[in-house]
Amino acid sequence: MPIVAASGFAGLGYEIVWTRQLSLALGSEMMAVLGAVAGFFAGLALGAFALDRPIRQARSPRTVYAVLEAVIGLWGLICIWLLPATGRALAPLLGTEPAPALLWAASFALPTLVLLPATAAMGGTLTALERIVREARSHSRVSAGVYGANTAGAVAGTLLATFVLLPAWGLSGTLACLAAVNAVCALGVLALEPATSSQTPVPADEPKPQDIADLRLTITLFVTGLLGIVFEVLIIRLAAQVMQDTIYTFAGLLAAYLLGTAIGGLAWQRAGRGVQDTSLGWLLAATALACLTTAFLTPHIAGIAETATETGIVGELAVALALFLIPSAAMGALFGLLAQRVRDQRGSLGSAVGINSIGAAMAPLLTAQLLIPGLSAWTALIPVALGYLLLMPFRRAALAWSALPLAAALVLWIRPAPSLTKVPAGGQLLAVHEGPMVTASVVDDASGARYLEVNGRFRMGGTSSARSDTRQAMLPLLLHPKPRSALFLGIGTGATLVGGSQMPGVTVHGVELSQEVVALLPWFANPQVTTPPPRVTVADARRYVVADTSQYDVIIADLFHPALDGSGALYTAEHFAAVRQRLAPGGVFCQWLPLYQLDLPSLRAIIRTFLEIYPGGSAWLNHYSVRTPMLALIGPRDGGTLDLDKLSARLGDPTIRAVARPIGFETPIDLLGQYLGGPRVLSAFAGYGPRNTDDYPFVTFDARRNVQALTAPPWTLLLSVMRAMQPDAAELLTEPKRETLSERLTAYWRARNRFLEAGAALPGDPRGQALIEAASPGLLDTIRLSPEFDPAYGPLIGMAHSLLTSDRAAAARLLHRINDAAPSRGEARQLLSRAFGE
């Protein structure tokens with residue numbers, strides 16, 4: 001049995017690694033994901049059917065099994081190079097906007113063909129292992145036990161590959177390790193080879209149960225394979241709305257599903273061998289009831305997950321077990337029964353594995369294209385459960401077994417589907433679009449601010465951040481001397497894309513992964529913008545960039561939550577290099593980073609990676625908010641320094657001024673004040689350490705610490721960056737301008753840092769008079785360092801205006817302090833003169 005478990009360990013390890021390689025090659029669009037999953041199961045099915053007869057007729061099943069393991073291991077090593085190379089070649093052939101059917105077909109064909117030697121061999125291993133164990137134990141009924149032990153090994157493979165092997169060795173190193181496991185399995189089974197090749201007769205150790213008609217057995221195997229994977233996809237889809245949705249979240253959910261399946265198979269092997277044909281009926285009913293029980297639990301999952309995930313991975317595993325353990329245990333016992341019946345009636349497990357795998361291959365497509373769009377993920381659980389009841393034998397006892405599941409299904413059907421989107425007190429849910437990948441919602445909070453929420457927990461901007469979103473577009477567009485075209489990767493509420501479209505003479509184009517997000521863009525339309533909405537393509541950003549043949553003056557990548565599974569791939573060296581290929585001469589790439597969602601090691605890894613592709617890179621802030629601090633990595637394709645004369649001329653252009661001034665970019669120093677450092681400063685900050693690459697996506701593996709960063713004050717990393725980076729005007733400006741601006745810029749940067757420190761030090765969330773008393777000392781310190789720093793001077797004048805209506809004496813005192821701190825500015829004196837005659 002250790003070899004049986006080790007085989008399952010390697011099989012699931014390969015599936016995890018290959019799935020990641022395929023997503024990098026084909027993209028993360030749902031049709032690409034579905035095609036990859038279907039292709040993997042199709043290979044298993046083909047191998048199970050094709051190898052069934054040779055394995056049954058082989059004189060030495062151990063030799064056959066050893067060959068199969070050797071093929072898997074060898075092909076696993078070949079795929080280190082083959083799968084990424086094939087994927088890179090396929091993307092340009094598909095183009096930027098392939099039809100969904102074409103994308104699915106290509107995504108199905110790639111894993112089916114490229115992985116076929118390995119997946120076909122995997123399809124035959126369970127059949128070979130069953131024969132080996134049966135002959136070793138002289139026992140005819142071991143199918144459920146072999147399946148359970150193999151699946152138990154798959155549990156270990158899921159957890160160890162994700163939590164240990166991948167973070168330690170990356171994708172290639174993990175594939176090499178799994179190939180070593182295949183070698184151990186092959187050598188281990190050969191070491192057990194009996195001295196004689198003659199087979200020991202297998203006694204009939206117990207009465208054979210009543211046969212099930214071949215057609216009915218085939219249909220039951222196919223449909224249970226289909227329903228089992230549909231159920232898995234639906235629950236993972238629902239769990240994504242309340243759990244952290246990291247690489248470790250998915251591994252925990254998959255491990256819980258497999259653990260239940262293993263327990264069910266092993267339990268059936270131990271307790272169910274003597275049960276007669278009636279067992280099929282009550283097992284189907286029990287599986288249906290277990291699925292419905294999880295559906296009843298789902299509305300409460302958000303509260304459970306919120307409490308449990310505070311304990312980290314252990315809490316998420318507990319939630320995963322609560323969702324999956326009982327239903328998947330019933331499914332495991334059910335497959336154990338069916339597999340044994342196939343073995344008893346047909347002499348081998350091959351057809352059981354093949355038929356079940358065909359159903360599994362079709363499940364993701366059915367779920368994504370029909371069930372979720374037509375019913376919603378939660379409601380779809382009801383027909384899935386009822387599907388098991390339809391397979392029950394037509395007997396009187398079946399009605400009794402079906403009564404409880406049918407009653408539960410009726411209760412669920414008449415209840416409204418639960419919403420897993422959090423709505424703040426006093427707020428309301430305005431719109432929801434649920435799709436196979438995400439659930440996107442529009443929510444109004446108590447103050448009337450509208451925001452976009454994805455998967456029930458991740459905010460993607462809103463009306464309150466419109467000014468900041470527009471600055472995300474304008475900063476890189478202003479840093480380019482004369483942009484004509486801009487590509488936006490990720491659009492959120494569309495405010496950044498629309499803001500970029502307001503830049504005179506610039507044509508913009510957006511790429512967004514989620515159709516559900518695009519469908520909600522009208523909720524965030526700016527009524528003051530009368531121009532037609534920019535063009536948006538629904539596609540995976542990585543695949544789009546590789547497939548595109550156009551060139552752009554500016555490419556802007558949105559804020560991608562680094563902990564989310566898949567987001568780390570948007571910060572890799574390979575992706576940054578592909579973006580560089582899309583830049584026109586003199587082009588600029590801007591990668592925005594959410595400092596409030598990152599930890600320090602991930603930030604340093606991203607910067608190291610960015611500088612490798614853009615040696616002339618620099619870092620800039622978006623705004624001076626300590627609540628949602630953002631950092632831009634600006635990468636010029638051809639290097640060079642900023643041309644201040646051209647920047648000044650552009651800001652002086654009336655058409656550009658009308659767009660830039662309302663968001664705070666009135667003079668060059670307003671923009672230059674955002675500067676944090678050039679390549680020398682960034683390199684010193686990043687230091688030595690791992691880069692973020694496709695083969696070793698450090699940011700993806702660092703998800704647990706990035707999740708923990710969400711619980712820290714949002715300005716924590718901002719202050720660390722600000723204190724570590726000391727901007728140098730010599731890296732920013734050419735020699736003549738450096739002499740005239742260096743002193744002013746240095747003072748401005750010091751004032752900026754003091755302003756941010758003061759904002760981070762504010763206690764709680766003060767309002768009114770309390771805010772003035774708490775904030776004014778820090779603001780006064782800021783303008784003493786640089787009177788030009790308007791983000792501090794403007795609020796101080798605003799505070800004085802506010803005090804004029806409530807406490808004129810306090811207003812006068814504040815105006816005198818403002819004037820003393822920044823005597824070179826006249827606003828405070830003018831207000832004193834108007835209000836007090838001074």
# chains A, B, ... in the order shown; residues from 1 in each chain; ligands from 1
>>> residues_around(residues="stretch 691-695 of chain A", least_positions_apart="3", cutoff="9 Å", atoms="only C-alpha atoms", output="PDB file with all heavy atoms, in the first residue's frame")
ATOM      1  N   GLN A  21       1.370  25.573 -14.872  1.00  0.00           N
ATOM      2  CA  GLN A  21       2.076  25.828 -16.131  1.00  0.00           C
ATOM      3  C   GLN A  21       1.096  26.146 -17.256  1.00  0.00           C
ATOM      4  O   GLN A  21       1.344  27.024 -18.085  1.00  0.00           O
ATOM      5  CB  GLN A  21       2.931  24.614 -16.507  1.00  0.00           C
ATOM      6  CG  GLN A  21       4.155  24.423 -15.632  1.00  0.00           C
ATOM      7  CD  GLN A  21       4.987  23.238 -16.089  1.00  0.00           C
ATOM      8  OE1 GLN A  21       4.463  22.153 -16.330  1.00  0.00           O
ATOM      9  NE2 GLN A  21       6.289  23.436 -16.209  1.00  0.00           N
ATOM     10  N   LEU A  24      -0.261  29.690 -17.025  1.00  0.00           N
ATOM     11  CA  LEU A  24       0.722  30.660 -17.496  1.00  0.00           C
ATOM     12  C   LEU A  24       0.771  30.688 -19.024  1.00  0.00           C
ATOM     13  O   LEU A  24       0.939  31.742 -19.634  1.00  0.00           O
ATOM     14  CB  LEU A  24       2.105  30.313 -16.949  1.00  0.00           C
ATOM     15  CG  LEU A  24       2.301  30.453 -15.434  1.00  0.00           C
ATOM     16  CD1 LEU A  24       3.653  29.895 -15.019  1.00  0.00           C
ATOM     17  CD2 LEU A  24       2.176  31.904 -15.009  1.00  0.00           C
ATOM     18  N   GLY A 170      10.192  25.550  -6.538  1.00  0.00           N
ATOM     19  CA  GLY A 170       9.537  26.068  -7.726  1.00  0.00           C
ATOM     20  C   GLY A 170       8.922  24.968  -8.575  1.00  0.00           C
ATOM     21  O   GLY A 170       8.895  23.794  -8.189  1.00  0.00           O
ATOM     22  N   LEU A 171       8.436  25.342  -9.761  1.00  0.00           N
ATOM     23  CA  LEU A 171       7.738  24.380 -10.601  1.00  0.00           C
ATOM     24  C   LEU A 171       8.677  23.306 -11.141  1.00  0.00           C
ATOM     25  O   LEU A 171       8.376  22.109 -11.068  1.00  0.00           O
ATOM     26  CB  LEU A 171       7.053  25.105 -11.763  1.00  0.00           C
ATOM     27  CG  LEU A 171       6.032  26.188 -11.398  1.00  0.00           C
ATOM     28  CD1 LEU A 171       5.372  26.727 -12.659  1.00  0.00           C
ATOM     29  CD2 LEU A 171       4.986  25.665 -10.443  1.00  0.00           C
ATOM     30  N   SER A 172       9.814  23.697 -11.685  1.00  0.00           N
ATOM     31  CA  SER A 172      10.741  22.723 -12.257  1.00  0.00           C
ATOM     32  C   SER A 172      11.294  21.792 -11.185  1.00  0.00           C
ATOM     33  O   SER A 172      11.358  20.572 -11.390  1.00  0.00           O
ATOM     34  CB  SER A 172      11.903  23.440 -12.958  1.00  0.00           C
ATOM     35  OG  SER A 172      11.442  24.214 -14.031  1.00  0.00           O
ATOM     36  N   GLY A 173      11.686  22.342 -10.062  1.00  0.00           N
ATOM     37  CA  GLY A 173      12.220  21.509  -8.991  1.00  0.00           C
ATOM     38  C   GLY A 173      11.186  20.529  -8.466  1.00  0.00           C
ATOM     39  O   GLY A 173      11.505  19.379  -8.140  1.00  0.00           O
ATOM     40  N   GLY A 568       0.085  36.692  -8.678  1.00  0.00           N
ATOM     41  CA  GLY A 568       1.545  36.718  -8.649  1.00  0.00           C
ATOM     42  C   GLY A 568       2.165  36.562 -10.020  1.00  0.00           C
ATOM     43  O   GLY A 568       3.274  37.043 -10.274  1.00  0.00           O
ATOM     44  N   ALA A 569       1.445  35.902 -10.952  1.00  0.00           N
ATOM     45  CA  ALA A 569       1.963  35.714 -12.305  1.00  0.00           C
ATOM     46  C   ALA A 569       2.016  37.015 -13.083  1.00  0.00           C
ATOM     47  O   ALA A 569       2.683  37.088 -14.123  1.00  0.00           O
ATOM     48  CB  ALA A 569       1.092  34.699 -13.050  1.00  0.00           C
ATOM     49  N   TYR A 571       3.332  39.691 -11.955  1.00  0.00           N
ATOM     50  CA  TYR A 571       4.517  40.406 -11.493  1.00  0.00           C
ATOM     51  C   TYR A 571       5.804  39.658 -11.842  1.00  0.00           C
ATOM     52  O   TYR A 571       6.850  39.910 -11.253  1.00  0.00           O
ATOM     53  CB  TYR A 571       4.466  40.592  -9.969  1.00  0.00           C
ATOM     54  CG  TYR A 571       3.293  41.404  -9.459  1.00  0.00           C
ATOM     55  CD1 TYR A 571       2.404  40.876  -8.532  1.00  0.00           C
ATOM     56  CD2 TYR A 571       3.085  42.706  -9.878  1.00  0.00           C
ATOM     57  CE1 TYR A 571       1.338  41.626  -8.038  1.00  0.00           C
ATOM     58  CE2 TYR A 571       2.026  43.456  -9.400  1.00  0.00           C
ATOM     59  CZ  TYR A 571       1.156  42.906  -8.477  1.00  0.00           C
ATOM     60  OH  TYR A 571       0.101  43.652  -8.003  1.00  0.00           O
ATOM     61  N   THR A 572       5.748  38.699 -12.766  1.00  0.00           N
ATOM     62  CA  THR A 572       6.930  37.895 -13.055  1.00  0.00           C
ATOM     63  C   THR A 572       7.822  38.555 -14.107  1.00  0.00           C
ATOM     64  O   THR A 572       7.384  39.401 -14.890  1.00  0.00           O
ATOM     65  CB  THR A 572       6.545  36.497 -13.561  1.00  0.00           C
ATOM     66  OG1 THR A 572       5.858  36.622 -14.805  1.00  0.00           O
ATOM     67  CG2 THR A 572       5.664  35.766 -12.553  1.00  0.00           C
ATOM     68  N   ALA A 573       9.064  38.105 -14.150  1.00  0.00           N
ATOM     69  CA  ALA A 573      10.025  38.635 -15.126  1.00  0.00           C
ATOM     70  C   ALA A 573       9.545  38.363 -16.551  1.00  0.00           C
ATOM     71  O   ALA A 573       9.693  39.213 -17.442  1.00  0.00           O
ATOM     72  CB  ALA A 573      11.394  38.002 -14.897  1.00  0.00           C
ATOM     73  N   GLU A 574       8.976  37.186 -16.783  1.00  0.00           N
ATOM     74  CA  GLU A 574       8.520  36.840 -18.123  1.00  0.00           C
ATOM     75  C   GLU A 574       7.405  37.776 -18.577  1.00  0.00           C
ATOM     76  O   GLU A 574       7.374  38.186 -19.749  1.00  0.00           O
ATOM     77  CB  GLU A 574       8.044  35.387 -18.153  1.00  0.00           C
ATOM     78  CG  GLU A 574       9.143  34.346 -18.004  1.00  0.00           C
ATOM     79  CD  GLU A 574       9.575  34.111 -16.568  1.00  0.00           C
ATOM     80  OE1 GLU A 574       9.053  34.803 -15.661  1.00  0.00           O
ATOM     81  OE2 GLU A 574      10.437  33.246 -16.347  1.00  0.00           O
ATOM     82  N   HIS A 575       6.493  38.095 -17.690  1.00  0.00           N
ATOM     83  CA  HIS A 575       5.408  39.006 -18.066  1.00  0.00           C
ATOM     84  C   HIS A 575       5.938  40.415 -18.283  1.00  0.00           C
ATOM     85  O   HIS A 575       5.553  41.087 -19.257  1.00  0.00           O
ATOM     86  CB  HIS A 575       4.343  39.015 -16.974  1.00  0.00           C
ATOM     87  CG  HIS A 575       3.222  39.973 -17.231  1.00  0.00           C
ATOM     88  ND1 HIS A 575       2.461  39.942 -18.384  1.00  0.00           N
ATOM     89  CD2 HIS A 575       2.742  41.016 -16.490  1.00  0.00           C
ATOM     90  CE1 HIS A 575       1.559  40.895 -18.336  1.00  0.00           C
ATOM     91  NE2 HIS A 575       1.707  41.574 -17.218  1.00  0.00           N
ATOM     92  N   SER A 602       7.800  40.411  -0.532  1.00  0.00           N
ATOM     93  CA  SER A 602       7.193  40.391  -1.870  1.00  0.00           C
ATOM     94  C   SER A 602       7.514  41.669  -2.626  1.00  0.00           C
ATOM     95  O   SER A 602       7.810  41.642  -3.833  1.00  0.00           O
ATOM     96  CB  SER A 602       5.672  40.228  -1.762  1.00  0.00           C
ATOM     97  OG  SER A 602       5.324  38.891  -1.508  1.00  0.00           O
ATOM     98  N   ARG A 604      10.118  43.616  -2.312  1.00  0.00           N
ATOM     99  CA  ARG A 604      11.523  43.578  -2.750  1.00  0.00           C
ATOM    100  C   ARG A 604      11.715  42.619  -3.924  1.00  0.00           C
ATOM    101  O   ARG A 604      12.471  42.912  -4.857  1.00  0.00           O
ATOM    102  CB  ARG A 604      12.405  43.183  -1.574  1.00  0.00           C
ATOM    103  CG  ARG A 604      12.601  44.329  -0.586  1.00  0.00           C
ATOM    104  CD  ARG A 604      13.418  43.918   0.602  1.00  0.00           C
ATOM    105  NE  ARG A 604      13.868  45.087   1.344  1.00  0.00           N
ATOM    106  CZ  ARG A 604      14.218  45.084   2.623  1.00  0.00           C
ATOM    107  NH1 ARG A 604      14.150  43.954   3.320  1.00  0.00           N
ATOM    108  NH2 ARG A 604      14.621  46.185   3.223  1.00  0.00           N
ATOM    109  N   ALA A 605      11.041  41.463  -3.897  1.00  0.00           N
ATOM    110  CA  ALA A 605      11.154  40.515  -5.006  1.00  0.00           C
ATOM    111  C   ALA A 605      10.615  41.119  -6.297  1.00  0.00           C
ATOM    112  O   ALA A 605      11.203  40.945  -7.373  1.00  0.00           O
ATOM    113  CB  ALA A 605      10.404  39.227  -4.663  1.00  0.00           C
ATOM    114  N   ILE A 606       9.498  41.831  -6.220  1.00  0.00           N
ATOM    115  CA  ILE A 606       8.923  42.465  -7.414  1.00  0.00           C
ATOM    116  C   ILE A 606       9.862  43.534  -7.959  1.00  0.00           C
ATOM    117  O   ILE A 606      10.078  43.634  -9.173  1.00  0.00           O
ATOM    118  CB  ILE A 606       7.540  43.058  -7.088  1.00  0.00           C
ATOM    119  CG1 ILE A 606       6.534  41.946  -6.788  1.00  0.00           C
ATOM    120  CG2 ILE A 606       7.033  43.922  -8.245  1.00  0.00           C
ATOM    121  CD1 ILE A 606       5.209  42.444  -6.243  1.00  0.00           C
ATOM    122  N   ILE A 607      10.438  44.333  -7.077  1.00  0.00           N
ATOM    123  CA  ILE A 607      11.354  45.399  -7.529  1.00  0.00           C
ATOM    124  C   ILE A 607      12.598  44.796  -8.165  1.00  0.00           C
ATOM    125  O   ILE A 607      13.077  45.271  -9.212  1.00  0.00           O
ATOM    126  CB  ILE A 607      11.709  46.325  -6.352  1.00  0.00           C
ATOM    127  CG1 ILE A 607      10.474  47.133  -5.937  1.00  0.00           C
ATOM    128  CG2 ILE A 607      12.849  47.272  -6.734  1.00  0.00           C
ATOM    129  CD1 ILE A 607      10.682  48.000  -4.724  1.00  0.00           C
ATOM    130  N   ARG A 608      13.159  43.750  -7.544  1.00  0.00           N
ATOM    131  CA  ARG A 608      14.331  43.089  -8.142  1.00  0.00           C
ATOM    132  C   ARG A 608      13.995  42.590  -9.547  1.00  0.00           C
ATOM    133  O   ARG A 608      14.790  42.747 -10.491  1.00  0.00           O
ATOM    134  CB  ARG A 608      14.763  41.912  -7.259  1.00  0.00           C
ATOM    135  CG  ARG A 608      15.569  42.280  -6.046  1.00  0.00           C
ATOM    136  CD  ARG A 608      16.190  41.056  -5.394  1.00  0.00           C
ATOM    137  NE  ARG A 608      15.187  40.194  -4.793  1.00  0.00           N
ATOM    138  CZ  ARG A 608      14.786  40.260  -3.518  1.00  0.00           C
ATOM    139  NH1 ARG A 608      15.336  41.153  -2.706  1.00  0.00           N
ATOM    140  NH2 ARG A 608      13.887  39.436  -3.047  1.00  0.00           N
ATOM    141  N   THR A 609      12.827  41.987  -9.682  1.00  0.00           N
ATOM    142  CA  THR A 609      12.408  41.448 -10.972  1.00  0.00           C
ATOM    143  C   THR A 609      12.202  42.571 -11.987  1.00  0.00           C
ATOM    144  O   THR A 609      12.623  42.464 -13.150  1.00  0.00           O
ATOM    145  CB  THR A 609      11.109  40.653 -10.792  1.00  0.00           C
ATOM    146  OG1 THR A 609      11.291  39.665  -9.764  1.00  0.00           O
ATOM    147  CG2 THR A 609      10.703  39.974 -12.077  1.00  0.00           C
ATOM    148  N   PHE A 610      11.566  43.640 -11.565  1.00  0.00           N
ATOM    149  CA  PHE A 610      11.287  44.773 -12.456  1.00  0.00           C
ATOM    150  C   PHE A 610      12.586  45.396 -12.964  1.00  0.00           C
ATOM    151  O   PHE A 610      12.713  45.701 -14.157  1.00  0.00           O
ATOM    152  CB  PHE A 610      10.455  45.798 -11.692  1.00  0.00           C
ATOM    153  CG  PHE A 610       9.879  46.883 -12.553  1.00  0.00           C
ATOM    154  CD1 PHE A 610       8.677  46.689 -13.229  1.00  0.00           C
ATOM    155  CD2 PHE A 610      10.511  48.106 -12.679  1.00  0.00           C
ATOM    156  CE1 PHE A 610       8.131  47.693 -14.020  1.00  0.00           C
ATOM    157  CE2 PHE A 610       9.984  49.115 -13.464  1.00  0.00           C
ATOM    158  CZ  PHE A 610       8.790  48.906 -14.139  1.00  0.00           C
ATOM    159  N   PHE A 698       7.609  33.738  -6.538  1.00  0.00           N
ATOM    160  CA  PHE A 698       7.790  34.013  -5.113  1.00  0.00           C
ATOM    161  C   PHE A 698       6.580  34.704  -4.507  1.00  0.00           C
ATOM    162  O   PHE A 698       6.168  34.394  -3.378  1.00  0.00           O
ATOM    163  CB  PHE A 698       9.034  34.886  -4.922  1.00  0.00           C
ATOM    164  CG  PHE A 698       9.283  35.287  -3.490  1.00  0.00           C
ATOM    165  CD1 PHE A 698       9.987  34.469  -2.638  1.00  0.00           C
ATOM    166  CD2 PHE A 698       8.801  36.502  -2.986  1.00  0.00           C
ATOM    167  CE1 PHE A 698      10.209  34.836  -1.314  1.00  0.00           C
ATOM    168  CE2 PHE A 698       9.010  36.871  -1.684  1.00  0.00           C
ATOM    169  CZ  PHE A 698       9.713  36.035  -0.840  1.00  0.00           C
ATOM    170  N   VAL A 699       5.996  35.635  -5.235  1.00  0.00           N
ATOM    171  CA  VAL A 699       4.858  36.390  -4.706  1.00  0.00           C
ATOM    172  C   VAL A 699       3.674  35.454  -4.442  1.00  0.00           C
ATOM    173  O   VAL A 699       2.966  35.600  -3.443  1.00  0.00           O
ATOM    174  CB  VAL A 699       4.469  37.521  -5.672  1.00  0.00           C
ATOM    175  CG1 VAL A 699       3.209  38.234  -5.203  1.00  0.00           C
ATOM    176  CG2 VAL A 699       5.616  38.515  -5.814  1.00  0.00           C
ATOM    177  N   THR A 700       3.456  34.498  -5.320  1.00  0.00           N
ATOM    178  CA  THR A 700       2.377  33.526  -5.116  1.00  0.00           C
ATOM    179  C   THR A 700       2.629  32.693  -3.871  1.00  0.00           C
ATOM    180  O   THR A 700       1.708  32.460  -3.070  1.00  0.00           O
ATOM    181  CB  THR A 700       2.259  32.613  -6.348  1.00  0.00           C
ATOM    182  OG1 THR A 700       1.908  33.404  -7.486  1.00  0.00           O
ATOM    183  CG2 THR A 700       1.210  31.539  -6.138  1.00  0.00           C
TER     184      THR A 700
END
>>> residues_around(residues="A:Gly87", least_positions_apart="6", cutoff="8 Å", atoms="only C-alpha atoms", output="JSON, numbers by chain")
{"A": [22, 24, 25, 26, 110]}
>>> write_last_selection(atoms="all heavy atoms", output="PDB file, in the first residue's frame")
ATOM      1  N   LEU A  22      -0.027  25.443 -17.279  1.00  0.00           N
ATOM      2  CA  LEU A  22      -1.015  25.686 -18.334  1.00  0.00           C
ATOM      3  C   LEU A  22      -1.661  27.052 -18.192  1.00  0.00           C
ATOM      4  O   LEU A  22      -1.930  27.726 -19.190  1.00  0.00           O
ATOM      5  CB  LEU A  22      -2.086  24.590 -18.292  1.00  0.00           C
ATOM      6  CG  LEU A  22      -1.638  23.212 -18.790  1.00  0.00           C
ATOM      7  CD1 LEU A  22      -2.654  22.146 -18.396  1.00  0.00           C
ATOM      8  CD2 LEU A  22      -1.436  23.223 -20.299  1.00  0.00           C
ATOM      9  N   LEU A  24      -0.261  29.690 -17.025  1.00  0.00           N
ATOM     10  CA  LEU A  24       0.722  30.660 -17.496  1.00  0.00           C
ATOM     11  C   LEU A  24       0.771  30.688 -19.024  1.00  0.00           C
ATOM     12  O   LEU A  24       0.939  31.742 -19.634  1.00  0.00           O
ATOM     13  CB  LEU A  24       2.105  30.313 -16.949  1.00  0.00           C
ATOM     14  CG  LEU A  24       2.301  30.453 -15.434  1.00  0.00           C
ATOM     15  CD1 LEU A  24       3.653  29.895 -15.019  1.00  0.00           C
ATOM     16  CD2 LEU A  24       2.176  31.904 -15.009  1.00  0.00           C
ATOM     17  N   ALA A  25       0.611  29.528 -19.628  1.00  0.00           N
ATOM     18  CA  ALA A  25       0.732  29.445 -21.080  1.00  0.00           C
ATOM     19  C   ALA A  25      -0.540  29.868 -21.792  1.00  0.00           C
ATOM     20  O   ALA A  25      -0.489  30.552 -22.824  1.00  0.00           O
ATOM     21  CB  ALA A  25       1.088  28.003 -21.479  1.00  0.00           C
ATOM     22  N   LEU A  26      -1.695  29.466 -21.250  1.00  0.00           N
ATOM     23  CA  LEU A  26      -2.957  29.673 -21.953  1.00  0.00           C
ATOM     24  C   LEU A  26      -3.755  30.840 -21.425  1.00  0.00           C
ATOM     25  O   LEU A  26      -4.678  31.322 -22.083  1.00  0.00           O
ATOM     26  CB  LEU A  26      -3.816  28.399 -21.850  1.00  0.00           C
ATOM     27  CG  LEU A  26      -3.229  27.156 -22.511  1.00  0.00           C
ATOM     28  CD1 LEU A  26      -4.025  25.932 -22.107  1.00  0.00           C
ATOM     29  CD2 LEU A  26      -3.220  27.318 -24.020  1.00  0.00           C
ATOM     30  N   LEU A 110      -4.059  21.314 -26.117  1.00  0.00           N
ATOM     31  CA  LEU A 110      -2.684  21.416 -25.628  1.00  0.00           C
ATOM     32  C   LEU A 110      -2.389  20.392 -24.531  1.00  0.00           C
ATOM     33  O   LEU A 110      -1.454  19.586 -24.676  1.00  0.00           O
ATOM     34  CB  LEU A 110      -2.407  22.838 -25.133  1.00  0.00           C
ATOM     35  CG  LEU A 110      -1.014  23.049 -24.538  1.00  0.00           C
ATOM     36  CD1 LEU A 110       0.054  22.852 -25.604  1.00  0.00           C
ATOM     37  CD2 LEU A 110      -0.880  24.433 -23.919  1.00  0.00           C
TER      38      LEU A 110
END
>>> closest_residue(among="A:Leu780, A:Ala161, A:Leu633, A:Leu406", to="A:Pro383", atoms="only C-alpha atoms")
A:Leu406
>>> closest_residue(among="A:Leu478, A:Ala403, A:Ala709, A:Ala45", to="A:Asp670", atoms="only C-alpha atoms")
A:Leu478
>>> decode(residues="stretch 546-553 of chain A", atoms="N, CA, C and O atoms", output="mmCIF file, in the first residue's frame")
data_model
loop_
_atom_site.group_PDB
_atom_site.id
_atom_site.type_symbol
_atom_site.label_atom_id
_atom_site.label_comp_id
_atom_site.auth_asym_id
_atom_site.auth_seq_id
_atom_site.Cartn_x
_atom_site.Cartn_y
_atom_site.Cartn_z
ATOM 1 N N VAL A 546 1.148 38.634 -24.852
ATOM 2 C CA VAL A 546 1.977 37.760 -25.682
ATOM 3 C C VAL A 546 1.412 37.658 -27.095
ATOM 4 O O VAL A 546 2.152 37.635 -28.084
ATOM 5 N N ALA A 547 0.084 37.624 -27.206
ATOM 6 C CA ALA A 547 -0.542 37.439 -28.513
ATOM 7 C C ALA A 547 -0.617 38.725 -29.321
ATOM 8 O O ALA A 547 -0.712 38.676 -30.554
ATOM 9 N N ASP A 548 -0.587 39.857 -28.661
ATOM 10 C CA ASP A 548 -0.760 41.138 -29.345
ATOM 11 C C ASP A 548 0.441 41.438 -30.245
ATOM 12 O O ASP A 548 1.570 41.023 -29.968
ATOM 13 N N THR A 549 0.180 42.157 -31.319
ATOM 14 C CA THR A 549 1.264 42.592 -32.213
ATOM 15 C C THR A 549 1.385 44.112 -32.251
ATOM 16 O O THR A 549 2.274 44.629 -32.923
ATOM 17 N N SER A 550 0.499 44.807 -31.551
ATOM 18 C CA SER A 550 0.540 46.268 -31.549
ATOM 19 C C SER A 550 1.630 46.763 -30.615
ATOM 20 O O SER A 550 2.151 46.025 -29.777
ATOM 21 N N GLN A 551 1.951 48.048 -30.774
ATOM 22 C CA GLN A 551 2.882 48.708 -29.861
ATOM 23 C C GLN A 551 2.198 49.930 -29.267
ATOM 24 O O GLN A 551 1.392 50.590 -29.922
ATOM 25 N N TYR A 552 2.560 50.218 -28.025
ATOM 26 C CA TYR A 552 1.902 51.282 -27.268
ATOM 27 C C TYR A 552 2.954 52.197 -26.667
ATOM 28 O O TYR A 552 4.044 51.758 -26.281
ATOM 29 N N ASP A 553 2.592 53.468 -26.581
ATOM 30 C CA ASP A 553 3.499 54.425 -25.932
ATOM 31 C C ASP A 553 3.522 54.222 -24.423
ATOM 32 O O ASP A 553 4.567 54.389 -23.785
#
